[in-house]
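Participant: upload15.txt is the file, holding compact mmCIF, C-alpha atoms and all ligand atoms:
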```txt
# COMPACT_ATOMS: atom_id res chain seq x y z
CA MET A 1 0.00 0.00 0.00
CA PRO A 2 1.45 3.43 -0.90
CA TYR A 3 1.89 6.05 1.80
CA SER A 4 -0.61 8.88 2.01
CA PRO A 5 0.24 12.05 0.05
CA LEU A 6 1.08 14.04 3.21
CA LEU A 7 3.41 11.32 4.45
CA VAL A 8 5.11 11.12 1.06
CA ARG A 9 5.58 14.87 1.14
CA LEU A 10 7.12 14.74 4.61
CA ILE A 11 9.54 11.95 3.66
CA ASP A 12 10.55 13.76 0.47
CA GLY A 13 11.00 16.96 2.47
CA LEU A 14 13.28 15.29 5.03
CA ARG A 15 15.52 13.96 2.27
CA CYS A 16 16.80 17.46 1.53
CA MET A 17 18.98 17.15 4.64
CA PRO A 18 22.60 16.18 4.04
CA GLY A 19 23.22 12.48 4.60
CA VAL A 20 19.52 11.61 4.86
CA GLY A 21 18.37 9.06 2.31
CA GLN A 22 15.00 7.38 1.76
CA LYS A 23 15.37 4.93 4.68
CA SER A 24 16.46 7.50 7.27
CA ALA A 25 13.80 9.95 6.10
CA GLN A 26 11.16 7.29 6.60
CA ARG A 27 12.48 6.44 10.06
CA ILE A 28 12.57 10.11 11.11
CA ALA A 29 9.04 10.72 9.76
CA PHE A 30 7.59 7.74 11.67
CA HIS A 31 9.41 8.72 14.84
CA LEU A 32 8.17 12.30 14.73
CA LEU A 33 4.58 11.33 14.02
CA GLU A 34 4.42 8.48 16.49
CA ARG A 35 6.63 9.61 19.36
CA ASP A 36 7.34 13.33 19.23
CA ARG A 37 4.64 15.48 17.67
CA GLU A 38 5.59 18.42 19.88
CA GLY A 39 9.24 18.27 18.78
CA ALA A 40 8.09 18.04 15.18
CA SER A 41 5.89 21.07 15.57
CA ASN A 42 8.74 23.07 17.17
CA LEU A 43 11.02 22.02 14.35
CA SER A 44 8.56 23.11 11.73
CA THR A 45 8.13 26.56 13.30
CA ALA A 46 11.89 26.95 13.82
CA LEU A 47 12.55 26.00 10.20
CA ALA A 48 9.93 28.37 8.85
CA ASP A 49 11.18 31.22 11.05
CA ALA A 50 14.83 30.56 10.17
CA VAL A 51 14.26 30.33 6.45
CA GLY A 52 12.09 33.43 6.45
CA GLY A 53 14.20 35.46 8.89
CA ILE A 54 17.88 34.57 8.56
CA GLY A 55 20.02 36.32 6.01
CA HIS A 56 23.69 37.28 5.87
CA CYS A 57 25.42 39.95 7.91
CA SER A 58 25.93 42.89 5.58
CA ARG A 59 29.49 43.22 6.78
CA CYS A 60 30.95 39.74 7.31
CA ARG A 61 28.41 37.42 5.59
CA MET A 62 27.75 35.43 8.80
CA PHE A 63 24.20 34.11 9.19
CA THR A 64 22.04 36.54 11.13
CA GLU A 65 18.46 37.78 11.26
CA HIS A 66 19.71 41.36 11.67
CA ASP A 67 21.59 43.68 9.35
CA LEU A 68 24.78 43.13 11.39
CA CYS A 69 25.63 39.89 13.21
CA ALA A 70 26.32 39.74 16.95
CA ILE A 71 30.11 39.88 16.49
CA CYS A 72 30.10 42.81 14.05
CA SER A 73 27.76 44.81 16.27
CA ALA A 74 29.50 43.96 19.58
CA SER A 75 31.46 46.77 21.21
CA GLY A 76 35.05 46.08 22.15
CA ARG A 77 36.05 43.97 19.16
CA ASP A 78 39.32 44.93 17.53
CA ALA A 79 38.55 46.16 14.03
CA SER A 80 42.22 46.15 13.05
CA GLN A 81 42.30 42.34 12.89
CA LEU A 82 40.15 40.53 10.38
CA CYS A 83 40.02 36.75 10.21
CA VAL A 84 38.77 35.07 7.03
CA VAL A 85 37.13 31.66 7.42
CA GLU A 86 35.28 29.30 5.12
CA SER A 87 32.16 28.66 7.18
CA PRO A 88 30.10 29.88 10.15
CA ALA A 89 31.15 26.73 12.05
CA ASP A 90 34.76 27.92 11.75
CA VAL A 91 33.82 31.22 13.42
CA MET A 92 32.34 29.30 16.33
CA ALA A 93 35.39 27.04 16.55
CA ILE A 94 37.80 29.99 16.66
CA GLU A 95 35.63 31.93 19.10
CA ASP A 96 35.53 28.94 21.47
CA ALA A 97 39.19 27.99 21.19
CA THR A 98 41.20 31.18 20.90
CA GLY A 99 39.71 34.23 22.55
CA PHE A 100 40.33 36.13 19.31
CA ARG A 101 38.87 39.63 19.67
CA GLY A 102 38.97 40.81 16.08
CA LEU A 103 36.32 40.53 13.38
CA TYR A 104 35.57 37.84 10.82
CA PHE A 105 34.76 37.52 7.17
CA VAL A 106 32.89 34.34 6.27
CA LEU A 107 33.45 33.15 2.70
CA MET A 108 30.72 30.48 2.83
CA GLY A 109 33.02 28.19 0.85
CA HIS A 110 36.37 28.30 -0.90
CA LEU A 111 37.60 28.90 -4.44
CA SER A 112 36.63 25.82 -6.39
CA PRO A 113 37.33 26.34 -10.08
CA LEU A 114 35.78 23.05 -11.19
CA ASP A 115 32.51 23.89 -9.46
CA GLY A 116 32.52 27.40 -10.89
CA ILE A 117 33.01 28.93 -7.43
CA GLY A 118 35.15 32.01 -7.85
CA PRO A 119 35.62 35.41 -6.19
CA ASP A 120 32.06 36.50 -7.04
CA GLU A 121 30.48 33.58 -5.20
CA LEU A 122 32.66 34.19 -2.13
CA GLY A 123 31.88 37.90 -1.91
CA LEU A 124 35.53 38.85 -2.34
CA SER A 125 34.78 42.26 -3.80
CA GLN A 126 32.94 43.02 -0.54
CA LEU A 127 36.04 41.94 1.40
CA ASP A 128 38.22 44.04 -0.88
CA GLU A 129 36.12 47.12 -0.16
CA TRP A 130 36.47 46.43 3.55
CA LEU A 131 40.26 46.23 3.25
CA GLN A 132 40.25 49.42 1.22
CA GLN A 133 38.62 51.36 4.04
CA GLY A 134 41.93 51.20 5.86
CA GLU A 135 40.79 50.09 9.30
CA VAL A 136 42.08 46.54 8.94
CA LYS A 137 45.80 46.21 9.67
CA GLU A 138 46.11 42.44 9.69
CA LEU A 139 44.25 39.84 7.64
CA ILE A 140 44.35 36.44 9.31
CA ILE A 141 43.61 33.75 6.77
CA ALA A 142 42.05 30.68 8.37
CA THR A 143 40.96 28.74 5.30
CA ASN A 144 41.22 24.96 5.53
CA PRO A 145 44.56 23.31 4.71
CA THR A 146 43.09 21.63 1.62
CA VAL A 147 44.25 22.34 -1.93
CA GLU A 148 41.24 24.62 -2.46
CA GLY A 149 41.81 26.28 0.93
CA ASP A 150 45.45 26.89 -0.07
CA ALA A 151 44.40 28.41 -3.40
CA THR A 152 41.92 30.65 -1.60
CA ALA A 153 44.55 31.70 0.95
CA HIS A 154 47.00 32.53 -1.81
CA TYR A 155 44.47 34.75 -3.54
CA LEU A 156 43.48 36.46 -0.27
CA GLY A 157 47.15 37.07 0.54
CA ASP A 158 47.57 38.68 -2.86
CA MET A 159 44.53 40.83 -2.31
CA ALA A 160 45.76 41.97 1.11
CA SER A 161 49.16 42.95 -0.22
CA ARG A 162 47.55 45.00 -2.99
CA ARG A 163 45.73 46.90 -0.24
CA SER A 164 48.91 47.13 1.86
CA VAL A 165 47.38 45.00 4.61
CA GLN A 166 49.62 42.50 6.37
CA ALA A 167 48.41 38.94 5.82
CA SER A 168 49.11 35.81 7.82
CA ARG A 169 47.80 32.28 7.63
CA ILE A 170 47.14 29.94 10.52
CA ALA A 171 49.57 27.08 10.26
CA HIS A 172 50.94 24.53 12.71
CA GLY A 173 48.91 21.72 14.11
CA VAL A 174 46.00 21.49 11.72
CA PRO A 175 46.44 18.22 9.85
CA LEU A 176 47.02 18.39 6.10
CA GLY A 177 43.80 18.03 4.16
CA GLY A 178 41.74 18.59 7.30
CA GLU A 179 38.72 20.75 7.92
CA LEU A 180 38.88 23.31 10.69
CA GLU A 181 35.51 22.50 12.13
CA TYR A 182 36.69 18.99 13.15
CA VAL A 183 39.95 19.99 14.83
CA ASP A 184 40.09 19.86 18.63
CA GLY A 185 40.31 23.17 20.48
CA GLY A 186 43.90 22.75 21.71
CA THR A 187 45.24 22.05 18.25
CA LEU A 188 43.26 24.86 16.77
CA SER A 189 44.42 27.29 19.41
CA HIS A 190 48.03 26.35 18.73
CA ALA A 191 47.50 26.74 15.01
CA PHE A 192 45.86 30.07 15.48
CA PHE A 193 48.71 31.58 17.47
CA GLY A 194 51.37 29.99 15.31
CA ARG A 195 50.12 31.73 12.18
CA ARG A 196 52.70 32.95 9.68
CA ALA A 197 52.95 35.35 6.75
CA VAL A 198 51.66 34.12 3.41
CA ASP A 199 54.44 33.80 0.87
CA MET B 1 25.66 -11.16 -11.23
CA SER B 2 28.44 -8.76 -12.00
CA THR B 3 31.90 -9.73 -10.94
CA GLU B 4 33.96 -7.97 -8.36
CA ARG B 5 37.10 -6.34 -9.57
CA ARG B 6 40.11 -5.46 -7.44
CA VAL B 7 42.84 -3.13 -8.57
CA GLN B 8 45.98 -2.56 -6.52
CA GLN B 9 48.45 0.33 -6.47
CA GLN B 10 47.38 1.99 -9.67
CA PRO B 11 49.13 5.26 -10.61
CA ALA B 12 46.48 7.96 -10.46
CA TYR B 13 45.59 11.61 -9.91
CA ILE B 14 42.42 13.08 -8.43
CA LEU B 15 40.75 15.33 -10.99
CA HIS B 16 37.78 16.36 -8.91
CA HIS B 17 36.22 15.52 -5.57
CA ARG B 18 32.96 16.29 -3.88
CA PRO B 19 31.70 15.63 -0.38
CA PHE B 20 29.46 12.61 0.02
CA ARG B 21 27.38 11.91 3.13
CA ASP B 22 28.85 13.16 6.40
CA SER B 23 32.45 12.11 6.15
CA SER B 24 33.00 10.58 2.71
CA GLN B 25 33.93 11.87 -0.71
CA ILE B 26 33.30 10.89 -4.29
CA LEU B 27 36.49 11.13 -6.31
CA ASP B 28 36.78 11.51 -10.04
CA ILE B 29 40.24 10.18 -10.81
CA VAL B 30 42.39 9.50 -13.84
CA THR B 31 44.41 6.30 -13.69
CA ARG B 32 47.15 5.06 -15.95
CA ASP B 33 45.67 1.71 -16.95
CA HIS B 34 41.96 2.02 -16.19
CA GLY B 35 41.21 5.46 -17.54
CA ARG B 36 38.97 7.86 -15.73
CA ILE B 37 36.92 6.33 -12.92
CA ALA B 38 34.71 7.37 -10.01
CA LEU B 39 35.39 6.06 -6.51
CA VAL B 40 33.80 6.54 -3.10
CA ALA B 41 36.37 7.25 -0.41
CA ARG B 42 34.52 6.19 2.73
CA GLY B 43 35.26 8.15 5.87
CA SER B 44 38.00 10.11 4.11
CA ARG B 45 36.78 13.44 5.50
CA ALA B 46 36.56 12.21 9.09
CA ALA B 47 38.84 13.88 11.63
CA LYS B 48 40.99 10.81 12.12
CA SER B 49 41.19 9.63 8.53
CA ARG B 50 44.74 9.12 7.37
CA LEU B 51 43.55 9.73 3.82
CA ARG B 52 42.87 13.41 4.38
CA GLY B 53 46.39 14.57 3.63
CA VAL B 54 46.71 12.16 0.72
CA LEU B 55 43.54 12.62 -1.31
CA ARG B 56 44.58 15.93 -2.80
CA PRO B 57 44.33 17.00 -6.44
CA PHE B 58 47.65 17.29 -8.32
CA LEU B 59 49.43 14.90 -5.96
CA PRO B 60 50.81 11.77 -7.71
CA LEU B 61 49.09 8.80 -6.07
CA ARG B 62 48.91 5.03 -6.06
CA VAL B 63 45.35 3.98 -5.42
CA SER B 64 43.66 0.64 -4.82
CA TRP B 65 39.96 -0.01 -5.19
CA VAL B 66 37.27 -2.61 -5.51
CA SER B 67 34.34 -2.24 -7.86
CA ARG B 68 31.22 -4.12 -8.74
CA SER B 69 29.44 -1.32 -10.54
CA ASP B 70 30.30 1.94 -12.20
CA LEU B 71 31.13 3.50 -8.84
CA GLY B 72 34.00 1.72 -7.10
CA THR B 73 35.17 1.94 -3.49
CA LEU B 74 38.61 3.18 -2.60
CA THR B 75 40.53 0.66 -0.49
CA GLY B 76 43.84 2.46 -0.23
CA ALA B 77 45.79 5.48 -1.39
CA GLU B 78 49.29 6.74 -0.89
CA ALA B 79 51.38 9.53 -2.35
CA SER B 80 53.89 8.24 -4.88
CA GLY B 81 55.87 11.43 -5.06
CA PRO B 82 56.24 14.81 -3.41
CA PRO B 83 53.42 17.34 -3.77
CA VAL B 84 53.82 19.69 -6.69
CA GLY B 85 54.26 23.26 -5.49
CA LEU B 86 51.45 24.90 -7.44
CA ARG B 87 50.82 28.54 -6.61
CA GLY B 88 48.58 31.27 -7.91
CA ASP B 89 48.05 31.17 -11.65
CA ALA B 90 49.80 27.81 -11.97
CA MET B 91 47.31 26.31 -9.51
CA PHE B 92 44.28 27.74 -11.28
CA SER B 93 45.69 26.64 -14.61
CA ALA B 94 46.10 23.14 -13.24
CA TYR B 95 42.38 23.12 -12.48
CA TYR B 96 41.77 24.08 -16.10
CA VAL B 97 43.90 21.11 -17.18
CA ASN B 98 41.78 18.89 -14.88
CA GLU B 99 38.60 20.22 -16.41
CA LEU B 100 39.87 19.44 -19.91
CA LEU B 101 40.51 15.84 -18.86
CA LEU B 102 37.11 15.61 -17.19
CA HIS B 103 35.57 16.65 -20.46
CA PHE B 104 37.67 14.75 -22.97
CA LEU B 105 38.33 11.45 -21.19
CA HIS B 106 35.53 8.94 -21.18
CA ARG B 107 35.11 6.67 -18.20
CA HIS B 108 36.91 3.31 -18.25
CA ASP B 109 38.81 4.17 -21.41
CA PRO B 110 42.52 3.77 -20.62
CA GLN B 111 44.76 6.39 -22.26
CA PRO B 112 48.21 5.81 -20.74
CA GLU B 113 49.80 8.42 -23.02
CA ILE B 114 47.36 11.08 -21.89
CA PHE B 115 48.03 10.02 -18.29
CA ALA B 116 51.76 10.54 -18.84
CA LEU B 117 51.13 13.86 -20.56
CA TYR B 118 48.99 14.98 -17.63
CA ALA B 119 51.64 14.00 -15.06
CA GLU B 120 54.20 15.95 -17.06
CA ALA B 121 51.94 18.99 -17.35
CA VAL B 122 51.24 19.13 -13.60
CA ALA B 123 54.95 18.87 -12.82
CA ALA B 124 55.76 21.51 -15.43
CA LEU B 125 53.13 23.89 -14.03
CA GLY B 126 54.67 23.42 -10.58
CA ALA B 127 58.11 24.34 -11.84
CA ALA B 128 57.16 26.87 -14.47
CA HIS B 129 57.73 30.56 -14.63
CA ASP B 130 55.63 30.72 -17.76
CA VAL B 131 52.26 29.11 -17.21
CA ALA B 132 50.90 29.98 -20.66
CA ARG B 133 53.73 28.12 -22.31
CA CYS B 134 53.01 24.94 -20.32
CA LEU B 135 49.33 25.17 -21.15
CA ARG B 136 49.83 25.59 -24.92
CA GLN B 137 52.24 22.66 -24.94
CA PHE B 138 49.72 20.54 -23.05
CA GLU B 139 46.80 21.55 -25.26
CA LEU B 140 48.69 20.75 -28.47
CA GLU B 141 49.74 17.30 -27.26
CA LEU B 142 46.32 16.57 -25.79
CA LEU B 143 44.49 17.41 -29.03
CA SER B 144 46.86 15.22 -30.96
CA LEU B 145 46.49 12.26 -28.56
CA LEU B 146 42.73 12.66 -28.77
CA GLY B 147 42.92 12.39 -32.55
CA TYR B 148 42.30 16.09 -33.20
CA ALA B 149 45.88 16.92 -34.17
CA VAL B 150 46.39 20.46 -35.40
CA ASN B 151 47.38 20.48 -39.06
CA PHE B 152 50.46 22.62 -39.54
CA GLU B 153 51.87 20.89 -42.58
CA HIS B 154 49.57 21.15 -45.54
CA GLU B 155 47.13 23.57 -47.06
CA SER B 156 43.63 22.31 -46.71
CA GLY B 157 42.39 20.98 -50.07
CA THR B 158 45.62 21.11 -52.06
CA HIS B 159 47.92 19.37 -49.53
CA LYS B 160 50.73 21.64 -50.61
CA ASN B 161 53.34 22.44 -47.97
CA LEU B 162 52.69 25.70 -46.13
CA ASP B 163 54.40 28.70 -47.70
CA PRO B 164 55.98 30.74 -44.87
CA ASP B 165 55.27 33.99 -46.73
CA ARG B 166 51.57 33.44 -47.36
CA HIS B 167 48.59 34.10 -45.12
CA TYR B 168 46.33 31.28 -44.04
CA GLU B 169 43.07 31.15 -42.26
CA TYR B 170 42.94 28.17 -39.92
CA ARG B 171 39.61 26.41 -40.45
CA VAL B 172 38.78 24.14 -37.56
CA GLU B 173 37.79 20.99 -39.41
CA GLN B 174 40.05 21.43 -42.45
CA GLY B 175 43.25 23.19 -41.52
CA PRO B 176 45.06 26.19 -43.01
CA ALA B 177 43.37 27.64 -46.10
CA PRO B 178 45.28 30.22 -48.16
CA VAL B 179 43.66 33.68 -48.04
CA GLU B 180 44.52 37.07 -49.50
CA ARG B 181 43.66 38.98 -46.28
CA SER B 182 46.37 39.50 -43.72
CA SER B 183 44.10 39.89 -40.68
CA GLY B 184 41.20 38.06 -39.08
CA PRO B 185 40.62 36.04 -35.91
CA LEU B 186 42.32 32.91 -37.19
CA VAL B 187 44.53 34.33 -39.92
CA PHE B 188 48.25 33.57 -39.53
CA THR B 189 51.30 33.66 -41.78
CA GLY B 190 52.64 30.28 -42.85
CA ALA B 191 55.81 31.13 -40.95
CA MET B 192 53.81 31.70 -37.76
CA LEU B 193 51.98 28.37 -38.05
CA LEU B 194 55.30 26.61 -38.59
CA SER B 195 56.70 28.35 -35.50
CA VAL B 196 53.73 27.18 -33.43
CA GLN B 197 54.32 23.67 -34.75
CA ALA B 198 57.97 23.95 -33.70
CA ARG B 199 56.77 25.15 -30.24
CA ARG B 200 58.88 28.32 -30.36
CA PHE B 201 56.98 29.60 -27.36
CA ASP B 202 59.86 31.65 -26.03
CA GLU B 203 58.91 34.14 -28.75
CA PRO B 204 55.96 36.11 -27.36
CA GLU B 205 54.17 36.52 -30.70
CA VAL B 206 54.33 32.76 -31.34
CA LEU B 207 52.87 32.12 -27.90
CA ARG B 208 50.11 34.64 -28.57
CA ALA B 209 49.31 33.02 -31.93
CA ALA B 210 49.21 29.58 -30.30
CA THR B 211 46.87 30.90 -27.60
CA ARG B 212 44.52 32.36 -30.23
CA LEU B 213 44.53 29.18 -32.30
CA LEU B 214 44.18 26.74 -29.40
CA ARG B 215 41.43 28.70 -27.71
CA ALA B 216 39.34 28.42 -30.88
CA LEU B 217 40.16 24.74 -31.43
CA ILE B 218 39.41 23.75 -27.85
CA ALA B 219 36.17 25.74 -27.81
CA HIS B 220 35.19 23.88 -30.97
CA HIS B 221 35.96 20.46 -29.51
CA LEU B 222 34.14 21.34 -26.29
CA GLY B 223 31.06 21.73 -28.47
CA GLY B 224 29.88 24.98 -26.92
CA LYS B 225 30.39 23.82 -23.35
CA GLU B 226 31.77 26.58 -21.13
CA LEU B 227 34.61 25.74 -18.80
CA LYS B 228 33.93 26.61 -15.17
CA SER B 229 37.61 26.96 -14.39
CA ARG B 230 37.94 29.56 -17.13
CA LYS B 231 35.03 31.56 -15.73
CA VAL B 232 36.73 31.55 -12.31
CA LEU B 233 40.08 32.49 -13.84
CA ILE B 234 38.48 35.47 -15.60
CA GLU B 235 36.89 36.61 -12.32
CA LEU B 236 40.24 36.29 -10.55
CA HIS B 237 42.00 38.37 -13.17
CA ARG B 238 39.22 40.94 -13.23
CA GLY B 239 39.65 41.47 -9.47
CA ARG B 240 43.36 41.98 -9.92
CA ILE B 241 42.98 44.37 -12.84
CA ALA B 242 40.33 46.39 -10.98
CA THR B 243 42.68 47.08 -8.06
CA ASN B 244 45.58 47.86 -10.34
CA GLU B 245 43.48 50.41 -12.22
CA GLU B 246 42.26 52.03 -9.02
CA GLN B 247 45.80 52.29 -7.77
CA THR B 248 46.91 53.85 -11.04
CA SER B 249 44.13 56.42 -10.92
CA ASP B 250 44.83 57.07 -7.22
CA SER B 251 48.37 58.02 -8.00
CA ASP B 252 47.37 60.41 -10.80
ZN ZN C 1 29.01 40.23 10.84
```
Let me see the file written as structure tokens.
Ligand SMILES: [Zn+2]

Facilitator:
Amino acid sequence: MPYSPLLVRLIDGLRCMPGVGQKSAQRIAFHLLERDREGASNLSTALADAVGGIGHCSRCRMFTEHDLCAICSASGRDASQLCVVESPADVMAIEDATGFRGLYFVLMGHLSPLDGIGPDELGLSQLDEWLQQGEVKELIIATNPTVEGDATAHYLGDMASRRSVQASRIAHGVPLGGELEYVDGGTLSHAFFGRRAVD
Amino acid sequence: MSTERRVQQQPAYILHHRPFRDSSQILDIVTRDHGRIALVARGSRAAKSRLRGVLRPFLPLRVSWVSRSDLGTLTGAEASGPPVGLRGDAMFSAYYVNELLLHFLHRHDPQPEIFALYAEAVAALGAAHDVARCLRQFELELLSLLGYAVNFEHESGTHKNLDPDRHYEYRVEQGPAPVERSSGPLVFTGAMLLSVQARRFDEPEVLRAATRLLRALIAHHLGGKELKSRKVLIELHRGRIATNEEQTSDSD
């Protein structure tokens, strides 16, 4: 017997989540309907509110429901240091591990020529304008140590030097080919303070 | 029932990779003896995976896999040489080279000569001061190994040897056709075409002619498909030119 149209719609909807295939979607749907209708209802409101309300910070591209994110609008952050990361999770990781007091720029990815992801997709002209304003003295490049992260770092370093901003890249401790979000805090902290100039 | 196939220690390069599920990747790789294949690298993005530092584009690898269907499973990978130091333009050009292979190589169609050419091109890009020169060299050899060799020898139609003092228009499917005009997008002197054939790329005008000719030929063989890596390269250059222009006008 086929599932009812609403159930089919729910299962199809759940499959948009990364790593969730037909089987898991089915299991999640049954669980929510049978065991946790309240959780399901909260989830559906949270999703609708998030999708309708969350955009990007007009300054650093972090997710936020305001014009400026919490970090950009906080007082007491050091606007002379700007740290470039690939994803919002990297911001959280650095915030938790390092006590960094500067600002961030979130690329939401990395240069990926074969996927057509270039400077336009990463908002690099926005970053360039920021550097041009002259407030930033040091650009800390915290892209992942993957080939694409390296390529991105190289380009950012180039960009910084054209704007006469000193650039450094976090280095030691992060394993080659790794992704920042999965590195433990101690390692990340070490890497962050052991950063070096981009050559 | 399809049979299981195991391949051990095959020379290979990763052309492209994309994340798959939480901690895996799907790799598009070119191998020496099995052509271009797709493999799942299970758990290769996990924090503790030893593959993370190994599964990098442009790094010469030996890979092992098992396959029952079109998509195989990676069972091992190790670097078979030092990483190539690709920086800046050389790195982005290497992606362009990868994209050409992704387009021109069919799956499971071994092309050991193209594999060798690719390995050489990546190494050359790593060592090169002149990226354009490496790329033209690669494009010429690639077209010829694919059976689209550029005709530098004979006039189209008459099969006469090229006259260095004449002008020719290079017609994509036919070759150089004698023309009376001396300018046009694909009009070259016979001498220039012979210089391109002789790869005299240390002469800037020969390199420029080769770039013009090869861009048209490759666009033709891509059948109208636009290369993503080229789009990105153009954006990257545009950013650079924009700042240079601002700085020039600032100093006025
Ligand atoms: Zn912000």

Participant: Of the candidates A:Ile54, A:Ala160, A:Ile28, A:Met62, which one gets nearest to Leu131 in chain A if we count all atoms listed in the file?

Facilitator: A:Ala160

Participant: Determine the nearest neighbour of ligand ZN 1 (chain C) from the options A:Ala197, A:Ala74, A:Val8, A:Val165, counting all atoms listed in the file.

Facilitator: A:Ala74

Participant: Within 8 Å of ligand ZN 1 (chain C), which residues of chain A come that close, and what is the closest atom pair and distance in Å for each? Count all atoms listed in the file and give it as CSV.

Facilitator:
```
residue,atom,partner,partner_atom,distance
A:His56,CA,C:ZN1,ZN,7.9
A:Cys57,CA,C:ZN1,ZN,4.6
A:Ser58,CA,C:ZN1,ZN,6.7
A:Arg59,CA,C:ZN1,ZN,5.1
A:Cys60,CA,C:ZN1,ZN,4.1
A:Arg61,CA,C:ZN1,ZN,6.0
A:Met62,CA,C:ZN1,ZN,5.4
A:Phe63,CA,C:ZN1,ZN,8.0
A:Thr64,CA,C:ZN1,ZN,7.9
A:Leu68,CA,C:ZN1,ZN,5.2
A:Cys69,CA,C:ZN1,ZN,4.1
A:Ala70,CA,C:ZN1,ZN,6.7
A:Ile71,CA,C:ZN1,ZN,5.8
A:Cys72,CA,C:ZN1,ZN,4.3
A:Ser73,CA,C:ZN1,ZN,7.2
A:Leu103,CA,C:ZN1,ZN,7.7
A:Tyr104,CA,C:ZN1,ZN,7.0
A:Phe105,CA,C:ZN1,ZN,7.3
```

Participant: Dump C-alpha atoms for the selected residues as a compact mmCIF listing (two decimals), in the frame of the given file?

Facilitator:
```txt
# COMPACT_ATOMS: atom_id res chain seq x y z
CA HIS A 56 23.69 37.28 5.87
CA CYS A 57 25.42 39.95 7.91
CA SER A 58 25.93 42.89 5.58
CA ARG A 59 29.49 43.22 6.78
CA CYS A 60 30.95 39.74 7.31
CA ARG A 61 28.41 37.42 5.59
CA MET A 62 27.75 35.43 8.80
CA PHE A 63 24.20 34.11 9.19
CA THR A 64 22.04 36.54 11.13
CA LEU A 68 24.78 43.13 11.39
CA CYS A 69 25.63 39.89 13.21
CA ALA A 70 26.32 39.74 16.95
CA ILE A 71 30.11 39.88 16.49
CA CYS A 72 30.10 42.81 14.05
CA SER A 73 27.76 44.81 16.27
CA LEU A 103 36.32 40.53 13.38
CA TYR A 104 35.57 37.84 10.82
CA PHE A 105 34.76 37.52 7.17
```

Participant: Any idea what's packed within 9 Å of His103 in chain B, counting all atoms listed in the file, ignoring anything in its chain fewer than 4 positions away? Could you give it as a VMD selection string?

Facilitator: chain B and resid 98 to 99 222

Participant: Which is closer to Phe104 in chain B than all the others in B:Glu153, B:Asp70, B:Glu169, B:Glu139, using only C-alpha atoms?

Facilitator: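 Using only C-alpha atoms, the shortest distance to Phe104 in chain B belongs to B:Glu139.
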
Participant: What is the distance, in Å and to one decimal place, between CA of His16 in chain B and CA of Arg45 in chain B?

Facilitator: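 Separating CA of His16 in chain B from CA of Arg45 in chain B is a distance of 14.7 Å.
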
Participant: Counting all atoms listed in the file, what is within 10 Å of Ala124 in chain B, bar same-chain residues fewer than 2 positions away, as a short mmCIF file (atom, residue, chain, number, x, y, z; two decimals) with C-alpha atoms, in the frame of the given file?

Facilitator:
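selection28.cif, freshly written:
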```cif
data_model
loop_
_atom_site.label_atom_id
_atom_site.label_comp_id
_atom_site.auth_asym_id
_atom_site.auth_seq_id
_atom_site.Cartn_x
_atom_site.Cartn_y
_atom_site.Cartn_z
CA VAL B 84 53.82 19.69 -6.69
CA LEU B 86 51.45 24.90 -7.44
CA ALA B 90 49.80 27.81 -11.97
CA TYR B 118 48.99 14.98 -17.63
CA ALA B 119 51.64 14.00 -15.06
CA GLU B 120 54.20 15.95 -17.06
CA ALA B 121 51.94 18.99 -17.35
CA VAL B 122 51.24 19.13 -13.60
CA GLY B 126 54.67 23.42 -10.58
CA ALA B 127 58.11 24.34 -11.84
CA ALA B 128 57.16 26.87 -14.47
CA HIS B 129 57.73 30.56 -14.63
CA ASP B 130 55.63 30.72 -17.76
CA VAL B 131 52.26 29.11 -17.21
CA ARG B 133 53.73 28.12 -22.31
CA CYS B 134 53.01 24.94 -20.32
CA LEU B 135 49.33 25.17 -21.15
CA PHE B 138 49.72 20.54 -23.05
#
```

Participant: What does the distance from CA of Leu71 in chain B to CA of Asp109 in chain B come to in Å, to one decimal?

Facilitator: 14.7 Å

Participant: Using only C-alpha atoms, what residues lie at most 12 Å away from (57.2, 20.1, -39.2) (file coordinates), given as a list in words?

Facilitator: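 Using only C-alpha atoms, the matching residues come out as Val150, Asn151, Phe152, Glu153, His154, Asn161, Leu162, Gly190, Ala191, Leu193, Leu194, Ser195, Val196, Gln197, Ala198 and Arg199 of chain B.
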
Participant: With a distance cut-off of 12 Å and only C-alpha atoms, select the neighbouring residues of Arg56 in chain B, excluding the residue or stretch itself and same-chain residues fewer than 3 positions from it, and output the selection as a ChimeraX atom specification.

Facilitator: /A:145-150,176-178 /B:12-18,25,27-29,44-45,51-53,59-61,77-79,82-84

Participant: Using only C-alpha atoms and a distance of at most 8 Å, pull out the residues of chain B that contact chain A, as a PyMOL selection string.

Facilitator: chain B and resi 16+20-22+45-47+52-57+87-88+91-92+95-96+99+228-233+235-236+239-240+243

Participant: Please, what distance in Å, to one decimal, runs between CA of Ile37 in chain B and CA of Glu86 in chain A?

Facilitator: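 Answer for the CA of Ile37 in chain B to CA of Glu86 in chain A separation: 29.3 Å.
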
Participant: Which residues are close to Val66 in chain B, i.e. within 9 Å by all atoms listed in the file, leaving aside same-chain residues fewer than 2 positions away? Reply as a list in words.

Facilitator: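 Using all atoms listed in the file, the neighbours found are Glu4, Arg5, Arg6, Val7, Gln8, Leu39, Ser64, Arg68, Gly72, Thr73, Leu74 and Thr75 of chain B.
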
Participant: Smallest atom-to-atom distance to Ala97 in chain A: which of A:Leu127, A:Phe192, A:Met17, A:Leu32, using only C-alpha atoms?

Facilitator: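 Nearest candidate to Ala97 in chain A out of A:Leu127, A:Phe192, A:Met17, A:Leu32: A:Phe192.
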